[in-house]
file run-v9.cif (mmCIF, C-alpha atoms)
data_my_file
loop_
_atom_site.label_atom_id
_atom_site.label_comp_id
_atom_site.auth_asym_id
_atom_site.auth_seq_id
_atom_site.Cartn_x
_atom_site.Cartn_y
_atom_site.Cartn_z
CA MET F 12 11.95 -18.15 2.98
CA ARG F 13 8.54 -18.88 1.40
CA LYS F 14 7.67 -21.14 4.32
CA ILE F 15 8.41 -18.34 6.79
CA LEU F 16 6.25 -15.93 4.76
CA VAL F 17 3.37 -18.41 4.64
CA LEU F 18 3.55 -19.09 8.39
CA THR F 19 3.83 -15.38 9.19
CA GLY F 20 0.89 -14.65 6.88
CA LYS F 21 -1.21 -17.33 8.59
CA PHE F 22 -0.31 -15.92 12.00
CA ILE F 23 -1.22 -12.36 10.97
CA GLY F 24 -4.40 -13.69 9.34
CA ASN F 25 -5.39 -15.51 12.53
CA VAL F 26 -4.83 -12.36 14.60
CA ILE F 27 -6.99 -10.34 12.20
CA ASP F 28 -9.62 -13.10 12.12
CA PHE F 29 -9.91 -12.93 15.91
CA PHE F 30 -11.36 -9.42 15.59
CA TYR F 31 -13.62 -10.29 12.65
CA PRO F 32 -16.83 -11.64 14.33
CA PRO F 33 -18.40 -8.24 15.18
CA PHE F 34 -17.93 -7.16 11.55
CA LYS F 35 -19.16 -10.42 9.98
CA ARG F 36 -22.55 -8.97 9.04
CA PHE F 37 -20.99 -6.01 7.25
CA PHE F 38 -17.87 -7.33 5.47
CA SER F 39 -16.54 -10.50 3.93
CA LEU F 40 -13.50 -11.96 5.70
CA GLN F 41 -11.35 -11.12 2.69
CA PHE F 42 -12.45 -7.48 2.69
CA PHE F 43 -11.89 -7.27 6.44
CA ARG F 44 -8.39 -8.73 6.09
CA TYR F 45 -7.66 -6.32 3.24
CA GLY F 46 -8.84 -3.41 5.35
CA VAL F 47 -6.87 -4.31 8.45
CA SER F 48 -3.64 -5.30 6.71
CA GLY F 49 -3.98 -2.35 4.34
CA ALA F 50 -4.57 0.01 7.26
CA ALA F 51 -1.49 -1.34 9.02
CA ASN F 52 0.58 -0.80 5.88
CA LEU F 53 -0.99 2.63 5.44
CA VAL F 54 -0.03 3.73 8.96
CA PHE F 55 3.46 2.33 8.36
CA ASP F 56 3.60 4.37 5.12
CA TRP F 57 2.46 7.57 6.82
CA LEU F 58 4.91 7.19 9.72
CA LEU F 59 7.79 6.37 7.40
CA TYR F 60 6.86 9.32 5.15
CA PHE F 61 6.66 11.67 8.14
CA VAL F 62 10.06 10.57 9.48
CA THR F 63 11.68 10.70 6.05
CA TYR F 64 10.25 14.12 5.16
CA ASN F 65 10.87 15.76 8.54
CA PHE F 66 14.02 14.09 9.87
CA ILE F 67 15.94 12.63 6.93
CA PHE F 68 15.35 15.35 4.34
CA ARG F 69 14.57 17.97 7.00
CA LYS F 70 12.01 19.63 4.72
CA GLN F 71 14.87 20.69 2.41
CA VAL F 72 15.18 20.37 -1.36
CA VAL F 73 17.33 17.37 -2.29
CA GLU F 74 20.08 18.22 -4.79
CA LEU F 75 20.99 15.26 -6.99
CA GLY F 76 23.54 17.08 -9.17
CA PHE F 77 21.55 16.83 -12.39
CA THR F 78 18.27 17.93 -10.80
CA ALA F 79 16.68 19.03 -7.56
CA VAL F 80 13.83 17.15 -5.92
CA SER F 81 11.36 18.74 -3.54
CA PRO F 82 11.44 17.15 -0.07
CA HIS F 83 7.88 15.81 -0.25
CA ILE F 84 8.63 14.02 -3.54
CA ALA F 85 12.01 12.79 -2.28
CA ALA F 86 10.28 11.30 0.77
CA LEU F 87 7.75 9.64 -1.52
CA LEU F 88 10.55 8.11 -3.61
CA VAL F 89 12.25 6.67 -0.52
CA VAL F 90 9.11 5.37 1.19
CA PHE F 91 7.38 3.98 -1.88
CA PRO F 92 9.56 0.88 -2.52
CA VAL F 93 9.46 -0.10 1.15
CA THR F 94 5.69 0.02 1.40
CA LEU F 95 5.38 -1.59 -2.04
CA LEU F 96 7.14 -4.68 -0.73
CA SER F 97 5.35 -4.77 2.63
CA GLY F 98 1.99 -4.24 0.92
CA PHE F 99 2.60 -7.02 -1.62
CA LEU F 100 3.60 -9.48 1.06
CA LEU F 101 0.57 -8.66 3.20
CA GLN F 102 -1.82 -8.98 0.26
CA LYS F 103 -0.27 -12.20 -1.03
CA TYR F 104 0.10 -14.01 2.29
CA VAL F 105 -2.74 -12.54 4.37
CA THR F 106 -5.57 -11.28 2.16
CA PHE F 107 -5.61 -12.94 -1.26
CA THR F 108 -4.26 -16.37 -0.29
CA ALA F 109 -6.60 -18.35 -2.59
CA SER F 110 -5.06 -17.07 -5.81
CA GLN F 111 -3.36 -19.83 -7.81
CA MET F 112 -1.26 -17.47 -9.94
CA ARG F 113 2.49 -17.74 -9.80
CA GLY F 114 4.16 -15.35 -7.42
CA ARG F 115 6.14 -13.66 -10.21
CA GLU F 116 2.99 -12.98 -12.21
CA GLN F 117 1.31 -11.57 -9.10
CA LEU F 118 4.32 -9.38 -8.40
CA VAL F 119 4.37 -8.03 -11.97
CA ARG F 120 0.64 -7.30 -11.85
CA TYR F 121 0.99 -5.78 -8.39
CA MET F 122 3.74 -3.53 -9.70
CA VAL F 123 1.48 -2.38 -12.58
CA VAL F 124 -1.20 -1.38 -10.07
CA VAL F 125 1.46 0.23 -7.90
CA GLY F 126 2.76 2.11 -10.95
CA VAL F 127 -0.69 3.62 -11.43
CA ASN F 128 -0.70 4.42 -7.71
CA LEU F 129 2.70 6.09 -8.03
CA PHE F 130 1.29 8.23 -10.84
CA ILE F 131 -1.71 9.16 -8.66
CA ASN F 132 0.62 9.86 -5.70
CA TYR F 133 3.02 12.01 -7.69
CA PHE F 134 0.44 14.19 -9.40
CA GLY F 135 -1.79 14.23 -6.33
CA LEU F 136 1.05 15.55 -4.17
CA LYS F 137 2.09 18.04 -6.84
CA LEU F 138 -1.48 19.35 -7.00
CA LEU F 139 -2.17 19.44 -3.27
CA VAL F 140 1.23 20.70 -2.07
CA GLU F 141 2.50 22.88 -4.90
CA VAL F 142 -0.73 24.19 -6.43
CA LEU F 143 -3.17 24.24 -3.50
CA HIS F 144 -0.40 24.85 -0.89
CA LEU F 145 -1.63 22.24 1.58
CA TYR F 146 0.71 20.60 4.10
CA PRO F 147 2.61 17.58 2.70
CA THR F 148 1.70 14.93 5.29
CA PRO F 149 -2.09 15.49 5.22
CA SER F 150 -1.86 15.74 1.43
CA LYS F 151 -0.15 12.36 1.36
CA MET F 152 -2.93 10.95 3.53
CA VAL F 153 -5.67 12.17 1.16
CA VAL F 154 -3.87 10.82 -1.90
CA THR F 155 -3.29 7.50 -0.15
CA LEU F 156 -6.99 7.10 0.62
CA ILE F 157 -7.81 7.59 -3.08
CA CYS F 158 -5.17 5.00 -3.99
CA THR F 159 -6.54 2.54 -1.43
CA ILE F 160 -9.97 2.45 -3.04
CA PHE F 161 -8.47 1.96 -6.48
CA SER F 162 -6.08 -0.70 -5.17
CA TYR F 163 -8.63 -2.98 -3.51
CA PHE F 164 -10.60 -3.49 -6.68
CA SER F 165 -7.49 -3.76 -8.84
CA GLN F 166 -5.83 -6.32 -6.57
CA LYS F 167 -8.97 -8.43 -6.25
CA LYS F 168 -9.91 -8.45 -9.94
CA PHE F 169 -6.47 -8.27 -11.57
CA THR F 170 -3.41 -9.00 -9.43
CA PHE F 171 -4.68 -11.83 -7.23
CA LYS F 172 -7.70 -12.92 -9.23
CA ILE F 173 -8.82 -16.47 -8.78
CA LYS F 174 -8.90 -18.47 -11.98
CA ASN F 175 -12.13 -20.39 -12.49
CA ALA F 176 -11.89 -24.05 -11.60
CA PRO F 177 -12.66 -26.43 -14.51
#

call {"tool": "encode", "arguments": {"input": "run-v9.cif", "output": "structure tokens"}}
result
Amino acid sequence: MRKILVLTGKFIGNVIDFFYPPFKRFFSLQFFRYGVSGAANLVFDWLLYFVTYNFIFRKQVVELGFTAVSPHIAALLVVFPVTLLSGFLLQKYVTFTASQMRGREQLVRYMVVVGVNLFINYFGLKLLVEVLHLYPTPSKMVVTLICTIFSYFSQKKFTFKIKNAP
């Protein structure tokens, strides 16, 4: 399985690298890869959120027996684990490939950063949708952009950091 992930990551990286030359003066290759793979995962997240909110939960409160969950939060809870996994795999095998850390350690660190992002997502959506009465999908987009900025620096300096060579 790891071999397939590595080969797929190299293929995706090569496709992204093909479009890199015009941006070479402005961005490092790593930042460009992060941006493109992150944007792809972001669009995947938005589309999945839109479908889940509008067609699975049909904009209705979700009754769980012991509590009720608003449809925008229920959609977040369904979409989040999916994009967590796809985002980790893209970052590990496409963007931050030079990190020597063990995969488990990267995953744990990634999940810490994602936990902070979940906190930002939850309270950001609560604020924008329930307090400011903005539409859920654009609210999700705004919150995601905030999380993206936080994530790049966290992933580079914490999750996939490169240990100094002796």

call {"tool": "closest_residue", "arguments": {"input": "run-v9.cif", "among": "F:Tyr60, F:Phe91, F:Phe99, F:Phe43", "to": "Phe130 (chain F)", "atoms": "only C-alpha atoms"}}
result
F:Phe91

call {"tool": "residues_around", "arguments": {"input": "run-v9.cif", "residues": "region 158-163 of chain F", "least_positions_apart": "3", "cutoff": "10 Å", "atoms": "all atoms listed in the file", "output": "number ranges by chain"}}
result
F: 42, 45-46, 49-50, 53, 102, 121, 124-125, 127-132, 152-155, 166-170

call {"tool": "residues_around", "arguments": {"input": "run-v9.cif", "residues": "region 104-113 of chain F", "least_positions_apart": "4", "cutoff": "8 Å", "atoms": "all atoms listed in the file", "output": "VMD selection string"}}
result
chain F and resid 16 to 17 19 to 21 23 to 24 41 to 42 44 to 45 48 100 117 167 171 to 174

call {"tool": "closest_residue", "arguments": {"input": "run-v9.cif", "among": "F:Lys137, F:Phe34, F:Val123, F:Val93", "to": "Val80 (chain F)", "atoms": "all atoms listed in the file"}}
result
F:Lys137

call {"tool": "residues_around", "arguments": {"input": "run-v9.cif", "residues": "Ser81 (chain F)", "least_positions_apart": "6", "cutoff": "9 Å", "atoms": "all atoms listed in the file", "output": "PDB file with C-alpha atoms, in the coordinates of the input"}}
result
ATOM      1  CA  LYS F  70      12.010  19.630   4.720  1.00  0.00           C
ATOM      2  CA  GLN F  71      14.870  20.690   2.410  1.00  0.00           C
ATOM      3  CA  VAL F  72      15.180  20.370  -1.360  1.00  0.00           C
ATOM      4  CA  VAL F  73      17.330  17.370  -2.290  1.00  0.00           C
ATOM      5  CA  GLU F  74      20.080  18.220  -4.790  1.00  0.00           C
TER       6      GLU F  74
END

call {"tool": "atom_distance", "arguments": {"input": "run-v9.cif", "atom1": "CA of Phe29 (chain F)", "atom2": "CA of Val47 (chain F)"}}
result
11.8 Å

call {"tool": "atom_distance", "arguments": {"input": "run-v9.cif", "atom1": "CA of Pro92 (chain F)", "atom2": "CA of Leu18 (chain F)"}}
result
23.5 Å

call {"tool": "atom_distance", "arguments": {"input": "run-v9.cif", "atom1": "CA of Trp57 (chain F)", "atom2": "CA of Thr148 (chain F)"}}
result
7.6 Å

call {"tool": "closest_residue", "arguments": {"input": "run-v9.cif", "among": "F:Leu118, F:Val54, F:Leu96, F:Ile84", "to": "Leu138 (chain F)", "atoms": "all atoms listed in the file"}}
result
F:Ile84

call {"tool": "resolve_selection", "arguments": {"input": "run-v9.cif", "expression": "the PyMOL selection byres ((chain F and resi 58) around 12)", "output": "ChimeraX atom specification"}}
result
/F:51-57,59-66,86-87,90,94,148-149,151-152
